[in-house]
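Asks: The file below is model17.txt, compact mmCIF, C-alpha atoms:
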# COMPACT_ATOMS: atom_id res chain seq x y z
CA MET A 14 -7.35 -9.29 8.91
CA HIS A 15 -6.06 -5.97 7.69
CA GLU A 16 -2.50 -7.17 8.23
CA VAL A 17 -3.09 -10.42 6.29
CA SER A 18 -4.34 -8.49 3.24
CA ILE A 19 -1.34 -6.19 3.46
CA ALA A 20 1.09 -9.11 3.78
CA GLU A 21 -0.47 -10.71 0.69
CA SER A 22 -0.25 -7.43 -1.24
CA LEU A 23 3.39 -7.08 -0.20
CA ILE A 24 4.21 -10.56 -1.45
CA ALA A 25 2.65 -9.86 -4.84
CA LEU A 26 4.64 -6.61 -5.06
CA ILE A 27 7.91 -8.28 -4.01
CA ARG A 28 7.43 -11.03 -6.61
CA ARG A 29 7.45 -8.31 -9.23
CA HIS A 30 10.82 -7.02 -8.01
CA LEU A 31 12.56 -10.24 -6.97
CA PRO A 32 15.46 -10.83 -9.39
CA ALA A 33 15.55 -14.21 -11.15
CA HIS A 34 17.23 -17.05 -9.21
CA GLN A 35 17.26 -15.00 -6.02
CA ARG A 36 15.71 -15.90 -2.69
CA LEU A 37 14.08 -13.35 -0.40
CA VAL A 38 15.92 -12.92 2.89
CA GLN A 39 14.29 -9.78 4.24
CA ALA A 40 11.79 -7.08 3.27
CA THR A 41 11.77 -3.64 4.85
CA VAL A 42 8.56 -1.62 4.96
CA ARG A 43 7.88 1.83 6.34
CA ILE A 44 4.36 2.17 7.74
CA GLY A 45 3.28 5.26 9.65
CA PRO A 46 0.84 5.17 12.58
CA MET A 47 -1.87 6.57 10.28
CA HIS A 48 -2.52 3.10 8.85
CA GLY A 49 -3.27 1.46 12.19
CA ILE A 50 -0.89 -1.45 11.65
CA VAL A 51 0.12 -3.45 14.73
CA PRO A 52 3.74 -4.59 14.13
CA GLU A 53 3.23 -7.86 16.07
CA ALA A 54 0.14 -8.71 14.03
CA MET A 55 1.99 -7.74 10.84
CA GLU A 56 4.86 -10.07 11.79
CA MET A 57 2.44 -12.95 12.38
CA ALA A 58 0.64 -12.27 9.09
CA TRP A 59 3.98 -12.13 7.28
CA ASN A 60 5.12 -15.46 8.73
CA ILE A 61 1.98 -17.18 7.41
CA ALA A 62 1.80 -15.44 4.02
CA SER A 63 5.54 -15.66 3.27
CA ALA A 64 5.62 -19.39 4.09
CA ASP A 65 2.73 -19.86 1.63
CA ALA A 66 4.77 -17.94 -0.94
CA GLY A 67 7.72 -20.31 -0.46
CA TRP A 68 9.83 -17.80 1.48
CA LYS A 69 9.73 -19.50 4.86
CA GLY A 70 12.26 -17.99 7.23
CA SER A 71 12.33 -14.60 5.49
CA ARG A 72 12.05 -11.58 7.78
CA LEU A 73 9.83 -8.53 7.60
CA ILE A 74 11.23 -5.36 9.14
CA VAL A 75 8.48 -2.86 9.94
CA MET A 76 9.79 0.66 10.45
CA THR A 77 7.27 2.94 12.14
CA PRO A 78 8.12 6.61 11.59
CA PRO A 79 6.53 9.02 14.08
CA TRP A 80 3.72 11.50 13.48
CA ARG A 81 5.07 14.82 12.21
CA LEU A 82 2.75 17.80 12.12
CA ARG A 83 3.03 21.38 10.93
CA CYS A 84 0.86 24.09 12.41
CA VAL A 85 -0.78 25.95 9.52
CA VAL A 86 -1.03 29.13 11.60
CA CYS A 87 2.47 29.61 13.10
CA GLY A 88 4.41 27.13 10.93
CA ARG A 89 5.87 25.17 13.85
CA CYS A 90 6.78 21.53 13.08
CA TRP A 91 6.77 18.92 15.81
CA GLU A 92 6.38 15.21 16.56
CA PRO A 93 3.27 14.74 18.71
CA VAL A 94 2.50 11.62 20.72
CA THR A 95 -0.99 11.47 19.23
CA VAL A 96 -2.27 13.13 16.09
CA ASP A 97 -4.99 15.13 17.88
CA GLU A 98 -2.37 17.21 19.74
CA HIS A 99 -2.80 20.95 19.15
CA CYS A 100 0.05 23.38 18.56
CA VAL A 101 1.41 25.35 21.53
CA CYS A 102 0.22 28.54 19.79
CA GLY A 103 -3.33 27.33 20.37
CA ALA A 104 -4.23 26.87 16.71
CA ALA A 105 -6.24 23.77 15.89
CA HIS A 106 -5.31 23.29 12.25
CA VAL A 107 -2.42 21.10 11.20
CA GLU A 108 -0.85 19.67 8.09
CA ILE A 109 0.41 16.09 8.31
CA LEU A 110 4.05 15.87 7.23
CA GLY A 111 4.80 12.36 8.47
CA GLY A 112 3.05 9.34 9.92
CA ASP A 113 1.14 8.44 6.76
CA GLU A 114 3.97 6.46 5.12
CA PHE A 115 2.97 3.15 3.56
CA GLN A 116 5.78 1.88 1.40
CA LEU A 117 8.03 -1.04 0.64
CA ASP A 118 11.53 0.43 1.06
CA SER A 119 13.79 -2.44 0.00
CA ILE A 120 14.27 -6.17 -0.19
CA ASP A 121 17.36 -8.19 0.72
CA VAL A 122 17.97 -11.12 -1.60
CA HIS A 123 20.34 -14.04 -1.70
CA SER A 124 21.41 -16.13 -4.64
CA ALA A 125 19.16 -19.19 -4.77
CA ALA A 126 21.74 -21.06 -6.89
CA LYS A 127 24.45 -21.00 -4.19
CA HIS A 128 21.82 -21.94 -1.68
CA ARG A 129 20.86 -25.05 -3.67
CA ARG A 130 24.49 -26.14 -4.06
CA ARG A 131 25.11 -25.96 -0.32
CA ASN A 132 21.93 -27.83 0.31
CA THR A 133 22.90 -30.62 -2.06
CA ALA A 134 26.32 -30.89 -0.46
CA ARG A 135 24.82 -31.37 2.96
CA HIS A 136 22.12 -33.80 2.10
CA GLY A 137 23.42 -35.67 -0.86
CA ARG A 138 22.48 -35.33 -4.49
CA GLY A 139 19.01 -35.28 -5.89
CA ARG A 140 17.10 -34.22 -2.78
CA PRO A 141 15.13 -31.22 -3.87
CA ARG A 142 13.90 -28.41 -1.61
CA THR A 143 15.00 -29.91 1.68
CA PHE A 144 17.13 -27.07 2.99
CA THR A 145 14.74 -25.70 5.58
CA ARG A 146 13.60 -29.08 6.73
CA GLY A 147 17.18 -30.35 6.71
CA VAL A 148 18.40 -27.54 8.98
CA ALA A 149 15.49 -28.04 11.34
CA HIS A 150 16.31 -31.70 11.47
CA GLU A 151 19.99 -31.00 12.20
CA HIS A 152 19.04 -28.70 15.05
CA GLN A 153 16.73 -31.27 16.50
CA SER A 154 19.30 -34.02 16.41
CA SER A 155 22.03 -31.84 17.96
CA HIS A 156 19.73 -31.08 20.92
CA ARG A 157 19.04 -34.71 21.60
CA MET B 21 25.91 -12.60 1.75
CA SER B 22 22.67 -10.94 0.80
CA THR B 23 22.19 -7.99 -1.54
CA LYS B 24 19.89 -5.05 -0.82
CA VAL B 25 17.52 -4.02 -3.63
CA PRO B 26 15.97 -0.57 -3.06
CA ILE B 27 12.32 -0.33 -4.17
CA VAL B 28 10.33 2.51 -2.53
CA GLU B 29 6.85 1.77 -3.79
CA ASN B 30 3.45 1.94 -2.16
CA VAL B 31 2.70 -1.33 -0.36
CA LEU B 32 -0.70 -1.50 -2.09
CA LYS B 33 0.63 -0.58 -5.54
CA LEU B 34 -1.05 -3.54 -7.25
CA ASN B 35 -4.41 -2.54 -5.78
CA ASP B 36 -3.75 1.05 -6.88
CA GLU B 37 -3.16 -0.10 -10.47
CA LEU B 38 -6.54 -1.88 -10.53
CA ALA B 39 -8.16 1.15 -8.91
CA LEU B 40 -6.82 3.29 -11.73
CA GLN B 41 -8.50 0.98 -14.26
CA ASN B 42 -11.79 1.28 -12.34
CA ARG B 43 -11.41 5.03 -12.35
CA GLU B 44 -10.95 5.05 -16.12
CA LEU B 45 -14.17 3.03 -16.52
CA PHE B 46 -16.05 5.49 -14.30
CA GLN B 47 -14.69 8.41 -16.31
CA ARG B 48 -15.58 6.82 -19.62
CA SER B 49 -19.14 6.09 -18.46
CA GLY B 50 -19.58 9.51 -16.87
CA VAL B 51 -20.35 7.89 -13.54
CA PHE B 52 -19.60 9.74 -10.32
CA ALA B 53 -18.29 7.07 -7.91
CA VAL B 54 -18.05 7.40 -4.15
CA ASP B 55 -16.67 5.10 -1.47
CA LEU B 56 -18.84 5.26 1.66
CA ILE B 57 -16.92 4.24 4.77
CA GLY B 58 -18.35 4.02 8.26
CA ALA B 59 -18.63 1.80 11.32
CA PRO B 60 -21.25 -0.98 11.49
CA GLY B 61 -24.53 0.64 12.52
CA ALA B 62 -23.56 4.20 11.49
CA GLY B 63 -26.54 4.25 9.13
CA LYS B 64 -24.81 3.73 5.77
CA THR B 65 -27.52 1.49 4.32
CA ALA B 66 -30.29 3.64 5.82
CA LEU B 67 -28.70 6.68 4.15
CA LEU B 68 -28.67 4.84 0.82
CA GLU B 69 -32.33 3.79 1.19
CA PHE B 70 -33.19 7.41 1.85
CA THR B 71 -31.07 8.58 -1.09
CA LEU B 72 -32.52 6.08 -3.57
CA ARG B 73 -36.04 6.99 -2.43
CA GLN B 74 -35.52 10.74 -2.63
CA LEU B 75 -33.55 10.87 -5.90
CA LYS B 76 -35.52 8.16 -7.73
CA ASP B 77 -36.70 10.56 -10.45
CA VAL B 78 -33.61 12.79 -10.44
CA ILE B 79 -30.54 10.64 -11.03
CA ASN B 80 -29.81 6.96 -11.65
CA ILE B 81 -27.88 5.51 -8.73
CA GLY B 82 -26.17 2.12 -8.59
CA VAL B 83 -24.88 0.58 -5.38
CA ILE B 84 -22.19 -1.97 -4.66
CA VAL B 85 -22.63 -3.04 -1.07
CA GLY B 86 -19.97 -4.98 0.84
CA ASP B 87 -20.70 -7.12 3.88
CA PRO B 88 -18.91 -10.09 5.43
CA ALA B 89 -22.07 -12.20 5.06
CA THR B 90 -25.75 -12.19 4.03
CA SER B 91 -27.53 -10.24 1.31
CA ARG B 92 -29.65 -8.29 3.79
CA ASP B 93 -28.37 -4.87 2.79
CA GLY B 94 -28.63 -5.73 -0.90
CA ASP B 95 -32.21 -6.91 -0.37
CA ARG B 96 -33.10 -3.70 1.48
CA LEU B 97 -31.73 -1.56 -1.34
CA ALA B 98 -33.18 -3.70 -4.14
CA LYS B 99 -36.64 -2.36 -3.20
CA TYR B 100 -35.60 1.03 -4.58
CA SER B 101 -33.27 0.26 -7.49
CA ARG B 102 -32.40 -2.59 -9.82
CA HIS B 103 -28.76 -1.48 -9.98
CA ILE B 104 -27.66 -3.17 -6.75
CA VAL B 105 -24.78 -5.63 -6.35
CA GLN B 106 -24.12 -7.33 -3.03
CA VAL B 107 -20.55 -8.45 -2.36
CA ASN B 108 -19.78 -10.85 0.49
CA THR B 109 -16.21 -10.56 1.72
CA GLY B 110 -16.22 -13.52 4.16
CA SER B 111 -13.55 -12.76 6.72
CA GLY B 112 -12.29 -9.81 4.66
CA CYS B 113 -12.69 -6.51 6.50
CA HIS B 114 -12.77 -4.21 3.45
CA LEU B 115 -13.46 -4.07 -0.29
CA ASP B 116 -10.51 -3.91 -2.64
CA ALA B 117 -10.27 -2.63 -6.21
CA ASN B 118 -10.47 -6.13 -7.68
CA GLN B 119 -13.70 -6.99 -5.84
CA VAL B 120 -15.22 -3.72 -6.99
CA ARG B 121 -14.15 -4.42 -10.57
CA HIS B 122 -15.93 -7.79 -10.53
CA ALA B 123 -19.04 -6.20 -9.02
CA MET B 124 -18.94 -3.46 -11.70
CA ASP B 125 -19.17 -6.16 -14.37
CA LYS B 126 -22.68 -6.93 -13.06
CA LEU B 127 -23.81 -3.33 -13.52
CA LYS B 128 -24.58 -1.35 -16.65
CA LEU B 129 -22.42 1.66 -15.93
CA ALA B 130 -23.76 3.49 -18.98
CA ASP B 131 -27.21 3.59 -17.31
CA LEU B 132 -25.89 5.22 -14.15
CA ASP B 133 -25.10 8.75 -13.04
CA VAL B 134 -23.77 7.77 -9.64
CA LEU B 135 -22.22 4.63 -8.18
CA ILE B 136 -22.10 4.42 -4.41
CA ILE B 137 -19.80 1.76 -3.00
CA GLU B 138 -20.91 0.99 0.53
CA ASN B 139 -17.79 -0.47 2.10
CA VAL B 140 -17.71 -3.12 4.83
CA GLY B 141 -18.58 -1.55 8.21
CA ASN B 142 -15.12 -0.62 9.50
CA LEU B 143 -13.32 2.66 10.15
CA ILE B 144 -9.76 1.39 9.62
CA CYS B 145 -9.01 -1.11 6.85
CA PRO B 146 -11.20 0.23 4.01
CA VAL B 147 -9.41 3.58 4.13
CA SER B 148 -6.10 2.19 2.85
CA PHE B 149 -7.60 0.49 -0.24
CA ASN B 150 -8.24 2.78 -3.19
CA LEU B 151 -11.21 1.57 -5.24
CA GLY B 152 -10.93 4.11 -8.06
CA GLN B 153 -13.66 6.34 -6.57
CA HIS B 154 -13.84 10.08 -7.17
CA CYS B 155 -14.68 10.84 -3.56
CA LYS B 156 -14.23 9.11 -0.25
CA ILE B 157 -16.91 9.71 2.35
CA GLY B 158 -16.33 9.14 6.06
CA MET B 159 -19.55 8.53 7.97
CA PHE B 160 -19.85 8.72 11.75
CA SER B 161 -22.89 8.68 13.98
CA VAL B 162 -23.65 10.35 17.29
CA SER B 163 -24.24 7.03 19.06
CA GLU B 164 -20.62 5.96 18.41
CA GLY B 165 -19.26 8.72 20.67
CA ASP B 166 -17.63 12.10 20.03
CA ASP B 167 -14.05 10.73 19.98
CA LYS B 168 -14.33 8.63 16.83
CA ALA B 169 -12.98 11.24 14.41
CA ALA B 170 -9.86 11.78 16.54
CA LYS B 171 -9.37 8.02 16.94
CA HIS B 172 -9.55 7.38 13.20
CA PRO B 173 -7.33 10.08 11.68
CA ASN B 174 -6.70 8.16 8.45
CA LEU B 175 -10.37 8.29 7.49
CA VAL B 176 -10.78 11.94 8.47
CA VAL B 177 -7.65 13.05 6.62
CA SER B 178 -8.40 11.17 3.42
CA ALA B 179 -12.14 11.92 3.23
CA ASP B 180 -13.56 14.40 0.72
CA LEU B 181 -16.79 14.59 2.68
CA LEU B 182 -17.64 13.78 6.30
CA ILE B 183 -21.09 12.91 7.56
CA LEU B 184 -22.33 12.85 11.14
CA ASN B 185 -25.59 10.90 11.32
CA LYS B 186 -28.21 10.42 14.07
CA MET B 187 -28.22 14.10 15.04
CA ASP B 188 -31.72 13.49 16.46
CA LEU B 189 -30.05 11.57 19.32
CA ILE B 190 -27.98 14.56 20.50
CA PRO B 191 -30.42 15.44 23.34
CA TYR B 192 -30.27 11.90 24.75
CA ILE B 193 -26.58 10.99 24.46
CA PRO B 194 -23.50 12.62 26.02
CA PHE B 195 -21.95 13.76 22.73
CA ASP B 196 -19.77 16.88 22.69
CA LEU B 197 -20.56 18.24 19.23
CA ALA B 198 -18.11 21.15 19.52
CA ARG B 199 -15.31 18.72 20.32
CA PHE B 200 -16.19 16.44 17.40
CA ARG B 201 -16.26 19.43 15.03
CA GLN B 202 -12.91 20.64 16.38
CA ASP B 203 -11.29 17.20 15.89
CA VAL B 204 -12.49 17.13 12.29
CA GLU B 205 -11.30 20.65 11.62
CA HIS B 206 -7.92 19.92 13.23
CA LEU B 207 -7.14 17.26 10.63
CA ASN B 208 -9.16 18.22 7.57
CA ARG B 209 -10.46 21.69 6.97
CA ALA B 210 -11.18 21.07 3.30
CA ALA B 211 -13.88 18.40 3.68
CA PRO B 212 -17.38 19.65 4.47
CA LEU B 213 -19.03 18.11 7.54
CA LEU B 214 -22.72 17.34 7.01
CA GLU B 215 -24.78 16.85 10.15
CA ILE B 216 -27.84 14.79 9.29
CA SER B 217 -30.56 12.56 10.66
CA VAL B 218 -31.64 9.90 8.21
CA VAL B 219 -34.52 8.54 10.34
CA ARG B 220 -35.96 12.06 10.57
CA ASN B 221 -35.49 12.53 6.80
CA GLN B 222 -33.18 15.47 7.56
CA ALA B 223 -30.41 15.00 5.03
CA ALA B 224 -31.09 17.64 2.37
CA SER B 225 -27.45 18.82 2.52
CA TRP B 226 -26.30 15.33 1.49
CA LEU B 227 -28.76 15.13 -1.43
CA ASP B 228 -27.63 18.58 -2.61
CA TRP B 229 -23.96 17.59 -2.39
CA LEU B 230 -24.51 14.32 -4.29
CA THR B 231 -26.63 15.76 -7.09
CA ALA B 232 -24.25 18.70 -7.55
CA ARG B 233 -21.21 16.42 -7.80
CA ALA B 234 -23.02 13.99 -10.13
CA GLY B 235 -23.96 16.93 -12.35
CA GLN B 236 -20.35 18.12 -12.47
CA GLN B 237 -19.23 14.65 -13.51
CA LYS B 238 -21.82 14.47 -16.29
CA SER B 239 -20.93 17.91 -17.66
CA PHE B 240 -17.25 17.00 -17.46
CA ARG B 241 -17.96 13.91 -19.55
CA LYS B 242 -20.02 15.89 -22.06
CA ALA B 243 -17.24 18.46 -22.32
CA GLY B 244 -14.82 15.59 -22.90
CA LYS B 245 -17.02 14.17 -25.69
CA HIS B 246 -17.35 17.57 -27.38
CA LYS B 247 -13.60 17.89 -27.23
CA GLU B 248 -13.13 14.40 -28.73
CA LYS B 249 -15.54 15.27 -31.58
CA ALA B 250 -13.81 18.58 -32.20
CA VAL B 251 -10.42 16.85 -32.32
CA ALA B 252 -11.83 14.21 -34.71
CA ARG B 253 -13.28 16.95 -36.95
CA SER B 254 -10.00 18.87 -37.03
CA GLN B 255 -8.13 15.69 -37.99
CA ARG B 256 -10.40 15.01 -40.97
Would you put the structure from the file into structure tokens?

Replies:
Amino acid sequence: MHEVSIAESLIALIRRHLPAHQRLVQATVRIGPMHGIVPEAMEMAWNIASADAGWKGSRLIVMTPPWRLRCVVCGRCWEPVTVDEHCVCGAAHVEILGGDEFQLDSIDVHSAAKHRRRNTARHGRGRPRTFTRGVAHEHQSSHR
Amino acid sequence: MSTKVPIVENVLKLNDELALQNRELFQRSGVFAVDLIGAPGAGKTALLEFTLRQLKDVINIGVIVGDPATSRDGDRLAKYSRHIVQVNTGSGCHLDANQVRHAMDKLKLADLDVLIIENVGNLICPVSFNLGQHCKIGMFSVSEGDDKAAKHPNLVVSADLLILNKMDLIPYIPFDLARFRQDVEHLNRAAPLLEISVVRNQAASWLDWLTARAGQQKSFRKAGKHKEKAVARSQR
């Protein structure tokens, strides 16, 4: 459920940034292991939420940067496998430098106007919003 | 061909904006707000019952309590205070700033010194959602096992206070207290760790912490009001 809430929040944030007459192709997020996000669950949540938002077929790229810790005693920086790993100097106090990222990095957009023109050319005039269905239909018929 | 638009903003920015509005309301009302996060069964509601009982004549405490279903926690707490709002989140696993804002509308913030937001029992999701609180409290209990702090680093790192409840069970449960303390210290040396037992009424350190922080918030507000008056006078 965590992932669904995050996907919905992402969509609201992307709407704010999506230029007029542009269609979302891809969104890239950077989420560190701190936030306990499972990329597969995030992908599933994105597929559902983005289809509801009218962006069916758009992709979500989840980048997962590693943990990066700094020992507060000797100053050594390293990338541990798990966050509870102690420094080789034996000290048990760390500062977290990386692994807590939680940001939308960028979106890839495509002109919706061009998209509509191509759609109309394929399926004849006056058939609104049939691009996705039309392509699916074409694929189906070519397989048969 | 597609075009890349760089953004670099927090994924939960919209929630953060609402949280900021909540925070302003808390500041204006002089209310010290805390977000209490812990697993189901850690003793969050029991701690609040104890707190409301003990501090009845000392400070006015309001509670927003989040649960997927039922008003059982709200009913338990309503015996001690009339400033209780139960929020049901359905399948939602956490409270967000918007839900808290709606719940705040049902409370008279001006009558309160402290608002405790008891989040949905969960050690993961609630941590990411800022509610506008002044302090975030991570609550664990001995019966959950000594590895829970290490397994939930996000809560430990972001908490301003950590509580370990059910200390009375230590003799009966294999719980390595030294290891738990070390895990907490590894990630967050700044947050105090309070070891308490609510059922044994041994939680004086928690009551002291809460009343002290509530007092600071009130004096901060008074100082702010004095300053506003002084500014108004000087502008006359």

Asks: Using only C-alpha atoms, which residues sit within 12 Å of Leu72 of chain B once same-chain residues fewer than 5 positions away are excluded, as a list in words?

Replies: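 Neighbouring residues, sequence-local ones excluded: Thr65, Ala66, Leu67, Asp77, Val78, Ile79, Asn80, Ile81, Gly82, Val83, Arg96, Leu97, Ala98, Lys99, Tyr100, Ser101, Arg102, His103, Ile104, Val134, Leu135, Ile136, Leu227, Leu230 and Thr231 of chain B.
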
Asks: From the list B:Leu129, B:Val54, B:Leu151, B:Ile84, which residue is nearest Leu34 of chain B when using only C-alpha atoms?

Replies: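 Nearest to Leu34 of chain B: B:Leu151.
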
Asks: I'd like the contact shell of segment 60-65 of chain A - 12 Å cut-off, only C-alpha atoms, skipping same-chain residues fewer than 5 positions apart - returned as a list of chain:residue names.

Replies: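 Everything that qualifies: A:Glu16, A:Val17, A:Ser18, A:Ile19, A:Ala20, A:Glu21, A:Ser22, A:Leu23, A:Ile24, A:Ala25, A:Ile27, A:Arg28, A:Arg36, A:Leu37, A:Val38, A:Gln39, A:Ala40, A:Glu53, A:Ala54, A:Met55, A:Gly70, A:Ser71, A:Arg72, A:Leu73, A:Ile74, A:Thr145.
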
Asks: To one decimal place, how far is atom CA of Leu189 of chain B from atom CA of Ala169 of chain B in Å?

Replies: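 Calculated distance between atom CA of Leu189 of chain B and atom CA of Ala169 of chain B is 17.8 Å.
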
Asks: Assuming 6 Å of padding per side, give the centre and edge lengths of the axis-aligned box around every listed atom of segment 133-148 of chain B, in Å to one decimal and as lines of an AutoDock Vina configuration file.

Replies:
center_x = -15.6
center_y = 2.8
center_z = -1.4
size_x = 31.0
size_y = 23.9
size_z = 35.2

Asks: Please list as a PDB file with C-alpha atoms, in the frame of the given file every residue within 9 Å of Val85 of chain A, counting all atoms listed in the file and excluding residues in the same chain fewer than 4 positions away.

Replies:
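Saved result, part-v9.pdb, follows:
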ATOM      1  CA  ARG A  89       5.870  25.170  13.850  1.00  0.00           C
ATOM      2  CA  ALA A 104      -4.230  26.870  16.710  1.00  0.00           C
ATOM      3  CA  ALA A 105      -6.240  23.770  15.890  1.00  0.00           C
ATOM      4  CA  HIS A 106      -5.310  23.290  12.250  1.00  0.00           C
ATOM      5  CA  VAL A 107      -2.420  21.100  11.200  1.00  0.00           C
ATOM      6  CA  GLU A 108      -0.850  19.670   8.090  1.00  0.00           C
TER       7      GLU A 108
END

Asks: Let me make sure I understand: among B:Ile137, B:Leu32, B:Ala130, B:Val105, which one has the smallest atom-to-atom distance to chain A if we use all atoms listed in the file?

Replies: B:Leu32

Asks: Between A:Val51, A:Gly111, A:Gln35, A:Gly67, which residue has the minimum interatomic distance to Trp80 of chain A, considering all atoms listed in the file?

Replies: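 With all atoms listed in the file as the atom set, the closest residue is A:Gly111.
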
Asks: Please report the interatomic distance between atom CA of Leu132 of chain B and atom CA of Leu75 of chain B in Å with one decimal.

Replies: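 Taking atom CA of Leu132 of chain B as the start and atom CA of Leu75 of chain B as the end point, the length is 12.6 Å.
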
Asks: May I ask you to extract the residues of chain B within 10 Å of chain A, using all atoms listed in the file, and to give them as a PyMOL selection string?

Replies: chain B and resi 21-35+111-114+116+144-149+169-175+177+202-209

Asks: From the set B:Lys238, B:Lys168, B:Lys64, B:Arg73, which residue has the shortest atom-to-atom contact distance to Asp87 of chain B, counting only C-alpha atoms?

Replies: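 Closest candidate: B:Lys64.
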
Asks: Counting all atoms listed in the file, which of B:Asn142, B:Ser239, B:Gln153, B:Ser225 gets nearest to Ala117 of chain B?

Replies: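 Going through B:Asn142, B:Ser239, B:Gln153, B:Ser225 one by one, the smallest distance to Ala117 of chain B is for B:Gln153.
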
Asks: Rounded to one decimal, what separation in Å do you get between atom CA of Leu181 of chain B and atom CA of Phe52 of chain B?

Replies: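 If I compute the distance from atom CA of Leu181 of chain B to atom CA of Phe52 of chain B, I get 14.2 Å.
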
Asks: Select, from B:Phe195, B:His154, B:Met159, B:Thr71, the residue with the minimum atom-to-atom distance to Gln222 of chain B, counting only C-alpha atoms.

Replies: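 Closest residue, counting only C-alpha atoms: B:Thr71.
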
Asks: N, CA, C and O atoms for segment 31-42 of chain A, written as an mmCIF file, in the coordinates of the input, could you do that?

Replies:
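After the write, selection-v9.cif holds the following:
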data_model
loop_
_atom_site.group_PDB
_atom_site.id
_atom_site.type_symbol
_atom_site.label_atom_id
_atom_site.label_comp_id
_atom_site.auth_asym_id
_atom_site.auth_seq_id
_atom_site.Cartn_x
_atom_site.Cartn_y
_atom_site.Cartn_z
ATOM 1 N N LEU A 31 11.543 -9.246 -7.357
ATOM 2 C CA LEU A 31 12.560 -10.240 -6.970
ATOM 3 C C LEU A 31 13.341 -10.677 -8.218
ATOM 4 O O LEU A 31 12.764 -11.198 -9.166
ATOM 5 N N PRO A 32 14.680 -10.431 -8.220
ATOM 6 C CA PRO A 32 15.460 -10.830 -9.390
ATOM 7 C C PRO A 32 15.414 -12.357 -9.590
ATOM 8 O O PRO A 32 15.227 -13.103 -8.625
ATOM 9 N N ALA A 33 15.598 -12.780 -10.832
ATOM 10 C CA ALA A 33 15.550 -14.210 -11.150
ATOM 11 C C ALA A 33 16.619 -14.974 -10.363
ATOM 12 O O ALA A 33 17.720 -14.450 -10.133
ATOM 13 N N HIS A 34 16.319 -16.155 -9.940
ATOM 14 C CA HIS A 34 17.230 -17.050 -9.210
ATOM 15 C C HIS A 34 17.701 -16.455 -7.892
ATOM 16 O O HIS A 34 18.797 -16.741 -7.431
ATOM 17 N N GLN A 35 16.894 -15.556 -7.316
ATOM 18 C CA GLN A 35 17.260 -15.000 -6.020
ATOM 19 C C GLN A 35 16.178 -15.393 -5.006
ATOM 20 O O GLN A 35 15.015 -15.555 -5.350
ATOM 21 N N ARG A 36 16.617 -15.510 -3.775
ATOM 22 C CA ARG A 36 15.710 -15.900 -2.690
ATOM 23 C C ARG A 36 15.532 -14.693 -1.776
ATOM 24 O O ARG A 36 16.494 -13.959 -1.531
ATOM 25 N N LEU A 37 14.321 -14.493 -1.289
ATOM 26 C CA LEU A 37 14.080 -13.350 -0.400
ATOM 27 C C LEU A 37 14.593 -13.667 1.006
ATOM 28 O O LEU A 37 14.280 -14.717 1.579
ATOM 29 N N VAL A 38 15.399 -12.759 1.530
ATOM 30 C CA VAL A 38 15.920 -12.920 2.890
ATOM 31 C C VAL A 38 15.144 -11.995 3.834
ATOM 32 O O VAL A 38 14.744 -12.373 4.926
ATOM 33 N N GLN A 39 14.905 -10.784 3.369
ATOM 34 C CA GLN A 39 14.290 -9.780 4.240
ATOM 35 C C GLN A 39 13.603 -8.707 3.406
ATOM 36 O O GLN A 39 14.087 -8.355 2.334
ATOM 37 N N ALA A 40 12.470 -8.219 3.899
ATOM 38 C CA ALA A 40 11.790 -7.080 3.270
ATOM 39 C C ALA A 40 11.647 -5.986 4.317
ATOM 40 O O ALA A 40 11.366 -6.280 5.478
ATOM 41 N N THR A 41 11.880 -4.752 3.912
ATOM 42 C CA THR A 41 11.770 -3.640 4.850
ATOM 43 C C THR A 41 10.652 -2.710 4.404
ATOM 44 O O THR A 41 10.666 -2.217 3.271
ATOM 45 N N VAL A 42 9.668 -2.519 5.289
ATOM 46 C CA VAL A 42 8.560 -1.620 4.960
ATOM 47 C C VAL A 42 8.547 -0.462 5.961
ATOM 48 O O VAL A 42 9.035 -0.580 7.079
#
